[in-house]
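Listing of structure05.pdb, PDB, C-alpha atoms, pLDDT in the B column
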ATOM      1  CA  ASP A 135     -16.982 -27.442  18.585  1.00 58.00           C
ATOM      2  CA  THR A 136     -14.572 -26.213  15.908  1.00 65.00           C
ATOM      3  CA  GLU A 137     -11.881 -24.824  18.157  1.00 91.00           C
ATOM      4  CA  VAL A 138      -8.199 -24.854  17.426  1.00 97.00           C
ATOM      5  CA  THR A 139      -6.018 -23.255  20.095  1.00 97.00           C
ATOM      6  CA  GLN A 140      -2.547 -21.811  19.686  1.00 97.00           C
ATOM      7  CA  THR A 141       0.016 -20.629  22.201  1.00 97.00           C
ATOM      8  CA  PRO A 142       1.549 -18.193  22.678  1.00 97.00           C
ATOM      9  CA  LYS A 143      -0.496 -15.388  21.108  1.00 97.00           C
ATOM     10  CA  HIS A 144       2.598 -13.216  20.737  1.00 97.00           C
ATOM     11  CA  LEU A 145       6.276 -14.120  20.704  1.00 97.00           C
ATOM     12  CA  VAL A 146       9.355 -11.939  20.452  1.00 96.00           C
ATOM     13  CA  MET A 147      12.661 -13.725  20.005  1.00 94.00           C
ATOM     14  CA  GLY A 148      16.234 -13.004  19.100  1.00 91.00           C
ATOM     15  CA  MET A 149      17.989 -14.619  16.189  1.00 91.00           C
ATOM     16  CA  THR A 150      19.908 -16.984  18.489  1.00 90.00           C
ATOM     17  CA  ASN A 151      16.931 -18.126  20.536  1.00 91.00           C
ATOM     18  CA  LYS A 152      15.110 -21.421  20.410  1.00 95.00           C
ATOM     19  CA  LYS A 153      11.361 -21.304  20.898  1.00 96.00           C
ATOM     20  CA  SER A 154       8.305 -23.418  20.102  1.00 97.00           C
ATOM     21  CA  LEU A 155       4.795 -22.682  18.908  1.00 98.00           C
ATOM     22  CA  LYS A 156       2.029 -25.000  20.037  1.00 98.00           C
ATOM     23  CA  CYS A 157      -1.289 -25.942  18.473  1.00 98.00           C
ATOM     24  CA  GLU A 158      -4.038 -28.163  19.839  1.00 98.00           C
ATOM     25  CA  GLN A 159      -7.373 -29.444  18.559  1.00 97.00           C
ATOM     26  CA  HIS A 160      -9.900 -31.802  20.110  1.00 91.00           C
ATOM     27  CA  MET A 161     -12.166 -32.349  17.120  1.00 94.00           C
ATOM     28  CA  GLY A 162     -10.717 -35.741  16.254  1.00 94.00           C
ATOM     29  CA  HIS A 163      -9.187 -34.316  13.103  1.00 95.00           C
ATOM     30  CA  ARG A 164      -6.395 -36.332  11.515  1.00 95.00           C
ATOM     31  CA  ALA A 165      -4.831 -33.597   9.381  1.00 95.00           C
ATOM     32  CA  MET A 166      -2.994 -30.603  10.822  1.00 96.00           C
ATOM     33  CA  TYR A 167      -1.315 -27.697   9.079  1.00 96.00           C
ATOM     34  CA  TRP A 168       1.137 -24.859   9.677  1.00 98.00           C
ATOM     35  CA  TYR A 169       0.837 -21.669   7.658  1.00 98.00           C
ATOM     36  CA  LYS A 170       2.906 -18.482   7.583  1.00 98.00           C
ATOM     37  CA  GLN A 171       1.131 -15.227   6.814  1.00 98.00           C
ATOM     38  CA  LYS A 172       2.676 -11.843   6.103  1.00 97.00           C
ATOM     39  CA  ALA A 173       0.615  -8.668   6.496  1.00 95.00           C
ATOM     40  CA  LYS A 174      -2.062  -8.170   3.827  1.00 92.00           C
ATOM     41  CA  LYS A 175      -1.139 -11.460   2.099  1.00 96.00           C
ATOM     42  CA  PRO A 176      -2.873 -14.839   1.993  1.00 97.00           C
ATOM     43  CA  PRO A 177      -1.534 -17.636   4.204  1.00 98.00           C
ATOM     44  CA  GLU A 178       1.317 -19.694   2.778  1.00 97.00           C
ATOM     45  CA  LEU A 179       1.342 -23.401   3.524  1.00 96.00           C
ATOM     46  CA  MET A 180       4.433 -24.648   5.350  1.00 97.00           C
ATOM     47  CA  PHE A 181       3.745 -28.188   6.573  1.00 96.00           C
ATOM     48  CA  VAL A 182       0.950 -30.750   6.573  1.00 95.00           C
ATOM     49  CA  TYR A 183       0.641 -33.712   8.905  1.00 96.00           C
ATOM     50  CA  SER A 184      -1.717 -36.573   8.144  1.00 94.00           C
ATOM     51  CA  TYR A 185      -2.278 -39.243  10.800  1.00 95.00           C
ATOM     52  CA  GLU A 186       0.716 -37.838  12.712  1.00 96.00           C
ATOM     53  CA  LYS A 187       3.072 -38.268   9.775  1.00 96.00           C
ATOM     54  CA  LEU A 188       4.594 -35.398   7.836  1.00 95.00           C
ATOM     55  CA  SER A 189       2.919 -35.427   4.414  1.00 92.00           C
ATOM     56  CA  ILE A 190       3.916 -32.092   2.938  1.00 90.00           C
ATOM     57  CA  ASN A 191       6.926 -29.851   3.499  1.00 92.00           C
ATOM     58  CA  GLU A 192       6.708 -26.853   1.198  1.00 90.00           C
ATOM     59  CA  SER A 193      10.497 -26.433   0.999  1.00 91.00           C
ATOM     60  CA  VAL A 194      10.593 -24.687   4.356  1.00 95.00           C
ATOM     61  CA  PRO A 195      14.072 -23.770   5.727  1.00 95.00           C
ATOM     62  CA  SER A 196      15.394 -26.172   8.352  1.00 95.00           C
ATOM     63  CA  ARG A 197      15.306 -23.467  11.020  1.00 96.00           C
ATOM     64  CA  PHE A 198      11.597 -24.386  11.218  1.00 97.00           C
ATOM     65  CA  SER A 199      11.074 -27.891  12.575  1.00 97.00           C
ATOM     66  CA  PRO A 200       7.567 -29.324  12.924  1.00 98.00           C
ATOM     67  CA  GLU A 201       6.552 -32.055  15.310  1.00 97.00           C
ATOM     68  CA  CYS A 202       3.289 -33.936  15.826  1.00 97.00           C
ATOM     69  CA  PRO A 203       3.519 -35.725  19.208  1.00 95.00           C
ATOM     70  CA  ASN A 204      -0.033 -37.097  18.942  1.00 94.00           C
ATOM     71  CA  SER A 205      -3.202 -36.642  16.937  1.00 91.00           C
ATOM     72  CA  SER A 206      -4.275 -33.560  18.917  1.00 96.00           C
ATOM     73  CA  LEU A 207      -1.016 -31.645  19.135  1.00 98.00           C
ATOM     74  CA  LEU A 208       1.196 -29.901  16.634  1.00 98.00           C
ATOM     75  CA  ASN A 209       4.384 -28.025  17.465  1.00 98.00           C
ATOM     76  CA  LEU A 210       6.629 -25.778  15.427  1.00 98.00           C
ATOM     77  CA  HIS A 211      10.172 -25.518  16.781  1.00 98.00           C
ATOM     78  CA  LEU A 212      12.047 -22.356  15.878  1.00 97.00           C
ATOM     79  CA  HIS A 213      15.823 -21.917  15.898  1.00 95.00           C
ATOM     80  CA  ALA A 214      18.153 -19.278  14.492  1.00 94.00           C
ATOM     81  CA  LEU A 215      15.372 -17.373  12.812  1.00 95.00           C
ATOM     82  CA  GLN A 216      15.861 -14.275  10.659  1.00 96.00           C
ATOM     83  CA  PRO A 217      13.999 -10.960  10.938  1.00 96.00           C
ATOM     84  CA  GLU A 218      12.175 -11.795   7.679  1.00 96.00           C
ATOM     85  CA  ASP A 219      10.583 -14.751   9.486  1.00 97.00           C
ATOM     86  CA  SER A 220       8.499 -12.282  11.486  1.00 98.00           C
ATOM     87  CA  ALA A 221       4.881 -13.071  10.592  1.00 98.00           C
ATOM     88  CA  LEU A 222       1.601 -14.497  11.824  1.00 98.00           C
ATOM     89  CA  TYR A 223       1.839 -18.284  12.154  1.00 98.00           C
ATOM     90  CA  LEU A 224      -1.464 -20.056  11.786  1.00 98.00           C
ATOM     91  CA  CYS A 225      -2.297 -23.621  12.680  1.00 98.00           C
ATOM     92  CA  ALA A 226      -5.262 -25.410  11.114  1.00 97.00           C
ATOM     93  CA  SER A 227      -6.852 -28.820  11.271  1.00 96.00           C
ATOM     94  CA  SER A 228      -9.254 -30.782   9.081  1.00 95.00           C
ATOM     95  CA  GLN A 229     -10.990 -34.108   9.364  1.00 93.00           C
ATOM     96  CA  ASP A 230      -8.849 -36.058   6.916  1.00 91.00           C
ATOM     97  CA  LEU A 231      -6.517 -35.061   4.103  1.00 85.00           C
ATOM     98  CA  LEU A 232      -8.109 -37.769   1.946  1.00 84.00           C
ATOM     99  CA  ALA A 233     -11.723 -36.959   2.854  1.00 84.00           C
ATOM    100  CA  GLY A 234     -12.483 -35.188  -0.399  1.00 87.00           C
ATOM    101  CA  VAL A 235     -12.886 -31.636  -1.557  1.00 89.00           C
ATOM    102  CA  ALA A 236     -15.351 -30.740   1.221  1.00 90.00           C
ATOM    103  CA  ASP A 237     -12.758 -31.345   3.937  1.00 91.00           C
ATOM    104  CA  THR A 238     -12.818 -27.980   5.708  1.00 94.00           C
ATOM    105  CA  GLN A 239      -9.809 -26.497   7.441  1.00 95.00           C
ATOM    106  CA  TYR A 240     -10.446 -24.788  10.772  1.00 96.00           C
ATOM    107  CA  PHE A 241      -7.857 -22.300  11.905  1.00 97.00           C
ATOM    108  CA  GLY A 242      -6.522 -21.238  15.258  1.00 97.00           C
ATOM    109  CA  PRO A 243      -6.078 -17.599  16.313  1.00 96.00           C
ATOM    110  CA  GLY A 244      -2.429 -17.554  15.307  1.00 97.00           C
ATOM    111  CA  THR A 245       0.871 -16.604  16.940  1.00 98.00           C
ATOM    112  CA  ARG A 246       2.332 -13.216  16.015  1.00 98.00           C
ATOM    113  CA  LEU A 247       6.071 -13.754  15.864  1.00 97.00           C
ATOM    114  CA  THR A 248       8.634 -10.966  15.892  1.00 97.00           C
ATOM    115  CA  VAL A 249      12.292 -11.810  15.312  1.00 96.00           C
ATOM    116  CA  LEU A 250      14.744  -9.137  16.431  1.00 94.00           C
TER     117      LEU A 250
ATOM    118  CA  ALA B 694      -2.494 -25.803 -11.394  1.00 83.00           C
ATOM    119  CA  GLN B 695      -5.279 -24.062  -9.538  1.00 90.00           C
ATOM    120  CA  LYS B 696      -5.790 -20.319  -9.363  1.00 95.00           C
ATOM    121  CA  ILE B 697      -8.100 -18.040  -7.396  1.00 97.00           C
ATOM    122  CA  THR B 698      -8.558 -14.408  -8.421  1.00 98.00           C
ATOM    123  CA  GLN B 699     -10.037 -11.736  -6.188  1.00 98.00           C
ATOM    124  CA  THR B 700      -9.982  -8.500  -8.165  1.00 97.00           C
ATOM    125  CA  GLN B 701     -11.227  -6.151  -5.430  1.00 97.00           C
ATOM    126  CA  PRO B 702      -8.388  -5.164  -3.064  1.00 96.00           C
ATOM    127  CA  GLY B 703     -10.871  -3.166  -0.969  1.00 97.00           C
ATOM    128  CA  MET B 704     -14.607  -2.648  -0.693  1.00 97.00           C
ATOM    129  CA  PHE B 705     -16.681  -0.143   1.253  1.00 97.00           C
ATOM    130  CA  VAL B 706     -20.270  -0.665   2.333  1.00 97.00           C
ATOM    131  CA  GLN B 707     -22.653   1.064   4.675  1.00 98.00           C
ATOM    132  CA  GLU B 708     -24.140  -0.727   7.609  1.00 98.00           C
ATOM    133  CA  LYS B 709     -27.324  -2.708   6.807  1.00 97.00           C
ATOM    134  CA  GLU B 710     -26.578  -2.783   3.076  1.00 98.00           C
ATOM    135  CA  ALA B 711     -25.708  -5.929   1.107  1.00 98.00           C
ATOM    136  CA  VAL B 712     -22.274  -6.388  -0.457  1.00 98.00           C
ATOM    137  CA  THR B 713     -20.832  -8.818  -3.003  1.00 98.00           C
ATOM    138  CA  LEU B 714     -17.195  -9.902  -2.899  1.00 98.00           C
ATOM    139  CA  ASP B 715     -15.940 -11.314  -6.188  1.00 98.00           C
ATOM    140  CA  CYS B 716     -14.035 -14.546  -6.677  1.00 98.00           C
ATOM    141  CA  THR B 717     -13.156 -16.317  -9.913  1.00 98.00           C
ATOM    142  CA  TYR B 718     -11.288 -19.587 -10.113  1.00 98.00           C
ATOM    143  CA  ASP B 719      -9.450 -21.701 -12.612  1.00 96.00           C
ATOM    144  CA  THR B 720      -8.939 -25.443 -12.499  1.00 93.00           C
ATOM    145  CA  SER B 721      -9.029 -28.371 -14.884  1.00 92.00           C
ATOM    146  CA  ASP B 722     -10.427 -30.655 -12.174  1.00 91.00           C
ATOM    147  CA  GLN B 723     -14.119 -31.549 -12.382  1.00 92.00           C
ATOM    148  CA  SER B 724     -14.441 -32.043  -8.636  1.00 92.00           C
ATOM    149  CA  TYR B 725     -13.502 -29.116  -6.422  1.00 95.00           C
ATOM    150  CA  GLY B 726     -14.612 -27.247  -3.359  1.00 96.00           C
ATOM    151  CA  LEU B 727     -14.794 -23.496  -2.852  1.00 97.00           C
ATOM    152  CA  PHE B 728     -14.436 -21.861   0.550  1.00 98.00           C
ATOM    153  CA  TRP B 729     -14.711 -18.374   1.963  1.00 98.00           C
ATOM    154  CA  TYR B 730     -12.838 -17.300   5.079  1.00 98.00           C
ATOM    155  CA  LYS B 731     -13.042 -14.100   7.114  1.00 98.00           C
ATOM    156  CA  GLN B 732      -9.955 -12.709   8.853  1.00 98.00           C
ATOM    157  CA  PRO B 733     -10.516  -9.822  11.286  1.00 97.00           C
ATOM    158  CA  SER B 734      -7.587  -7.709  12.429  1.00 95.00           C
ATOM    159  CA  SER B 735      -7.150 -10.099  15.376  1.00 93.00           C
ATOM    160  CA  GLY B 736      -5.754 -12.640  12.902  1.00 93.00           C
ATOM    161  CA  GLU B 737      -7.959 -15.707  13.197  1.00 94.00           C
ATOM    162  CA  MET B 738      -9.180 -17.189   9.907  1.00 96.00           C
ATOM    163  CA  ILE B 739     -12.876 -17.928  10.327  1.00 97.00           C
ATOM    164  CA  PHE B 740     -14.564 -20.401   7.987  1.00 97.00           C
ATOM    165  CA  LEU B 741     -17.757 -18.909   6.549  1.00 98.00           C
ATOM    166  CA  ILE B 742     -19.202 -21.038   3.776  1.00 98.00           C
ATOM    167  CA  TYR B 743     -18.506 -23.935   1.412  1.00 98.00           C
ATOM    168  CA  GLN B 744     -19.711 -24.791  -2.093  1.00 98.00           C
ATOM    169  CA  GLY B 745     -18.988 -28.057  -3.893  1.00 96.00           C
ATOM    170  CA  SER B 746     -18.620 -28.167  -7.664  1.00 95.00           C
ATOM    171  CA  TYR B 747     -21.467 -30.668  -7.956  1.00 95.00           C
ATOM    172  CA  ASP B 748     -23.815 -28.847  -5.590  1.00 94.00           C
ATOM    173  CA  GLU B 749     -26.909 -27.750  -7.485  1.00 90.00           C
ATOM    174  CA  GLN B 750     -28.048 -25.192  -4.931  1.00 95.00           C
ATOM    175  CA  ASN B 751     -26.110 -22.110  -3.919  1.00 97.00           C
ATOM    176  CA  ALA B 752     -24.784 -22.438  -0.376  1.00 97.00           C
ATOM    177  CA  THR B 753     -26.205 -20.232   2.370  1.00 98.00           C
ATOM    178  CA  GLU B 754     -25.151 -19.764   5.995  1.00 97.00           C
ATOM    179  CA  GLY B 755     -27.113 -17.130   7.849  1.00 97.00           C
ATOM    180  CA  ARG B 756     -26.294 -13.724   6.312  1.00 98.00           C
ATOM    181  CA  TYR B 757     -23.741 -15.302   3.965  1.00 98.00           C
ATOM    182  CA  SER B 758     -24.615 -16.791   0.602  1.00 98.00           C
ATOM    183  CA  LEU B 759     -22.446 -17.960  -2.232  1.00 98.00           C
ATOM    184  CA  ASN B 760     -23.435 -17.004  -5.761  1.00 97.00           C
ATOM    185  CA  PHE B 761     -21.994 -19.974  -7.658  1.00 97.00           C
ATOM    186  CA  GLN B 762     -21.880 -19.670 -11.443  1.00 97.00           C
ATOM    187  CA  LYS B 763     -20.052 -22.737 -12.683  1.00 96.00           C
ATOM    188  CA  ALA B 764     -19.949 -21.818 -16.362  1.00 95.00           C
ATOM    189  CA  ARG B 765     -18.380 -18.474 -15.530  1.00 96.00           C
ATOM    190  CA  LYS B 766     -16.111 -20.059 -12.898  1.00 97.00           C
ATOM    191  CA  SER B 767     -17.187 -17.580 -10.287  1.00 98.00           C
ATOM    192  CA  ALA B 768     -18.042 -18.025  -6.610  1.00 98.00           C
ATOM    193  CA  ASN B 769     -18.984 -14.637  -5.238  1.00 98.00           C
ATOM    194  CA  LEU B 770     -19.744 -14.116  -1.549  1.00 98.00           C
ATOM    195  CA  VAL B 771     -22.844 -12.096  -0.741  1.00 98.00           C
ATOM    196  CA  ILE B 772     -23.172 -10.619   2.727  1.00 98.00           C
ATOM    197  CA  SER B 773     -26.652  -9.334   3.471  1.00 96.00           C
ATOM    198  CA  ALA B 774     -27.420  -6.618   6.009  1.00 96.00           C
ATOM    199  CA  SER B 775     -23.775  -5.709   6.688  1.00 98.00           C
ATOM    200  CA  GLN B 776     -22.709  -5.125  10.281  1.00 98.00           C
ATOM    201  CA  LEU B 777     -19.752  -3.190  11.668  1.00 98.00           C
ATOM    202  CA  GLY B 778     -18.274  -6.498  12.807  1.00 97.00           C
ATOM    203  CA  ASP B 779     -18.099  -7.641   9.186  1.00 98.00           C
ATOM    204  CA  SER B 780     -15.121  -5.326   8.623  1.00 98.00           C
ATOM    205  CA  ALA B 781     -12.305  -7.749   7.872  1.00 98.00           C
ATOM    206  CA  MET B 782     -10.190  -9.354   5.140  1.00 98.00           C
ATOM    207  CA  TYR B 783     -12.071 -11.987   3.158  1.00 98.00           C
ATOM    208  CA  PHE B 784     -10.304 -14.835   1.374  1.00 98.00           C
ATOM    209  CA  CYS B 785     -11.713 -17.114  -1.298  1.00 98.00           C
ATOM    210  CA  ALA B 786     -10.048 -20.529  -1.495  1.00 98.00           C
ATOM    211  CA  MET B 787     -10.312 -23.709  -3.519  1.00 96.00           C
ATOM    212  CA  ARG B 788      -9.498 -27.342  -2.970  1.00 94.00           C
ATOM    213  CA  VAL B 789      -9.266 -30.063  -5.624  1.00 91.00           C
ATOM    214  CA  LEU B 790      -8.948 -33.843  -5.346  1.00 80.00           C
ATOM    215  CA  SER B 791      -5.751 -34.208  -7.337  1.00 72.00           C
ATOM    216  CA  GLY B 792      -2.356 -33.830  -5.759  1.00 62.00           C
ATOM    217  CA  TYR B 793      -2.224 -33.245  -2.032  1.00 64.00           C
ATOM    218  CA  SER B 794      -5.579 -31.502  -1.913  1.00 63.00           C
ATOM    219  CA  THR B 795      -4.361 -28.408  -0.112  1.00 84.00           C
ATOM    220  CA  LEU B 796      -6.089 -25.030  -0.223  1.00 92.00           C
ATOM    221  CA  THR B 797      -5.275 -22.445  -2.886  1.00 94.00           C
ATOM    222  CA  PHE B 798      -6.069 -18.931  -1.616  1.00 97.00           C
ATOM    223  CA  GLY B 799      -6.869 -15.729  -3.449  1.00 98.00           C
ATOM    224  CA  LYS B 800      -5.154 -12.479  -2.471  1.00 98.00           C
ATOM    225  CA  GLY B 801      -8.122 -11.344  -0.411  1.00 98.00           C
ATOM    226  CA  THR B 802     -10.531  -8.407  -0.286  1.00 98.00           C
ATOM    227  CA  MET B 803     -10.553  -5.936   2.602  1.00 98.00           C
ATOM    228  CA  LEU B 804     -14.122  -5.005   3.497  1.00 98.00           C
ATOM    229  CA  LEU B 805     -14.853  -1.888   5.531  1.00 98.00           C
ATOM    230  CA  VAL B 806     -18.346  -1.352   6.903  1.00 98.00           C
ATOM    231  CA  SER B 807     -19.213   2.209   7.872  1.00 97.00           C
ATOM    232  CA  PRO B 808     -22.002   3.347  10.213  1.00 95.00           C
TER     233      PRO B 808
END

Mind turning the file's structure into structure tokens?
Amino acid sequence: DTEVTQTPKHLVMGMTNKKSLKCEQHMGHRAMYWYKQKAKKPPELMFVYSYEKLSINESVPSRFSPECPNSSLLNLHLHALQPEDSALYLCASSQDLLAGVADTQYFGPGTRLTVL
Amino acid sequence: AQKITQTQPGMFVQEKEAVTLDCTYDTSDQSYGLFWYKQPSSGEMIFLIYQGSYDEQNATEGRYSLNFQKARKSANLVISASQLGDSAMYFCAMRVLSGYSTLTFGKGTMLLVSP
């Protein structure tokens, strides 16, 4: 089973709202990732968690706040977003960040976010 | 730094024909992994196939095979017997051991399969 789930599938929010994106995996993976993807572009890495600790923050604005409550769950808290933050947000997981070059990332279906 | 180049923004193929999607890479690392992902219009990135830099055989997974030419630094994806459901964006990606070992993606190739 290589399933990563994400909720919600679609989200529309105003610039003053606070919302959260959720990601879950039950593959026993210890690395989890958030990506942002604009139309017709490759995904851009935002955050990486390894063993529930934040390992990489790719200089993401503070209006995006990640959280890893346990090894299966990853949240992305959104606050005071801008219209340019509208994108597809993808979650991924892999066995272990230090497992070597063959460590494969498995992606969820994504959340399409629209900021009005 | 690592770089992945996909020079074909779009490709067209007829159903049941084979198609090759090009990918070249650049890295100074000796150990690296190459991945291909498929992204239909629904958005999910689907892992297709993996090739390690030390693998002697070209990787195959069903209708997908990876034509790995190490000296030319190319890792082309070959899809045999194309199906309508193969219409999607295809991304080539690479991972190395140095640094934080995250994925470097190419810009992608949009494949359209016609009946």

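Nearest residue to Ser780 of chain B, choosing from B:Gln701, B:Thr713, B:Gln732, B:Gln695 and counting all atoms listed in the file: B:Gln732.
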
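Once the PyMOL selection byres ((chain B and resi 727) around 9) is applied to this file, the selection holds Val235 and Ala236 of chain A; Tyr718, Tyr725, Gly726, Phe728, Trp729, Ile742, Tyr743, Gln744, Gly745, Ser746, Ala768, Cys785, Ala786, Met787 and Arg788 of chain B.
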
With the file shown as input, list the residues that the PyMOL selection byres ((chain A and resi 149-156) around 9) selects, as JSON, numbers by chain.
{"A": [139, 140, 141, 142, 145, 147, 148, 157, 158, 207, 208, 209, 210, 211, 212, 213, 214, 215, 216, 217, 223, 225, 245, 249, 250]}

Please return, as an MDAnalysis selection string, all residues of chain A lying within 9 Å of chain B when all atoms listed in the file are considered.
chainID A and resid 174:179 182 189:190 222 224 231:232 234:246

Nearest to His160 of chain A, chosen from A:Ala233, A:Ala221, A:Ala226, A:Leu247, with all atoms listed in the file counted in the distances
A:Ala226

Centre and edge lengths, as lines of an AutoDock Vina configuration file, for the axis-aligned box enclosing every listed atom of segment 780-787 of chain B with 6 Å of padding on each of the six sides, in Å to one decimal?
center_x = -12.6
center_y = -14.5
center_z = 2.6
size_x = 17.1
size_y = 30.4
size_z = 24.1

Applied to the shown file, which residues does the PyMOL selection byres ((chain A and resi 229) around 6) return, written as a PyMOL selection string?
chain A and resi 163-164+228+230

For Gln750 of chain B, work out the shell of residues within 10 Å, counting only C-alpha atoms and skipping chain neighbours fewer than 3 positions away, then give it as an MDAnalysis selection string.
chainID B and resid 744:745 747 753 759:761

Would you work out the distance separating atom CA of Glu708 of chain B from atom CA of Arg756 of chain B, expressed in Å to one decimal?
13.2 Å

Who sits within 10 Å of Lys187 of chain A, all atoms listed in the file, same chain under 5 positions skipped, as number ranges by chain:
A: 164-166, 182, 201-205

Write a file of the selected residues as a PDB file, keeping the file's coordinate frame, keeping C-alpha atoms.
ATOM      1  CA  ARG A 164      -6.395 -36.332  11.515  1.00 95.00           C
ATOM      2  CA  ALA A 165      -4.831 -33.597   9.381  1.00 95.00           C
ATOM      3  CA  MET A 166      -2.994 -30.603  10.822  1.00 96.00           C
ATOM      4  CA  VAL A 182       0.950 -30.750   6.573  1.00 95.00           C
ATOM      5  CA  GLU A 201       6.552 -32.055  15.310  1.00 97.00           C
ATOM      6  CA  CYS A 202       3.289 -33.936  15.826  1.00 97.00           C
ATOM      7  CA  PRO A 203       3.519 -35.725  19.208  1.00 95.00           C
ATOM      8  CA  ASN A 204      -0.033 -37.097  18.942  1.00 94.00           C
ATOM      9  CA  SER A 205      -3.202 -36.642  16.937  1.00 91.00           C
TER      10      SER A 205
END

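The smallest atom-to-atom distance between Lys170 of chain A and any of A:Glu137, A:Ser227, A:Ser206, A:Glu192, using all atoms listed in the file, is found for A:Glu192.
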
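The coordinates place atom CA of Pro200 of chain A at 8.5 Å from atom CA of Leu188 of chain A.
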
Report, in Å with one decimal, the straight-line distance from atom CA of Val146 of chain A to atom CA of Ser734 of chain B.
19.2 Å
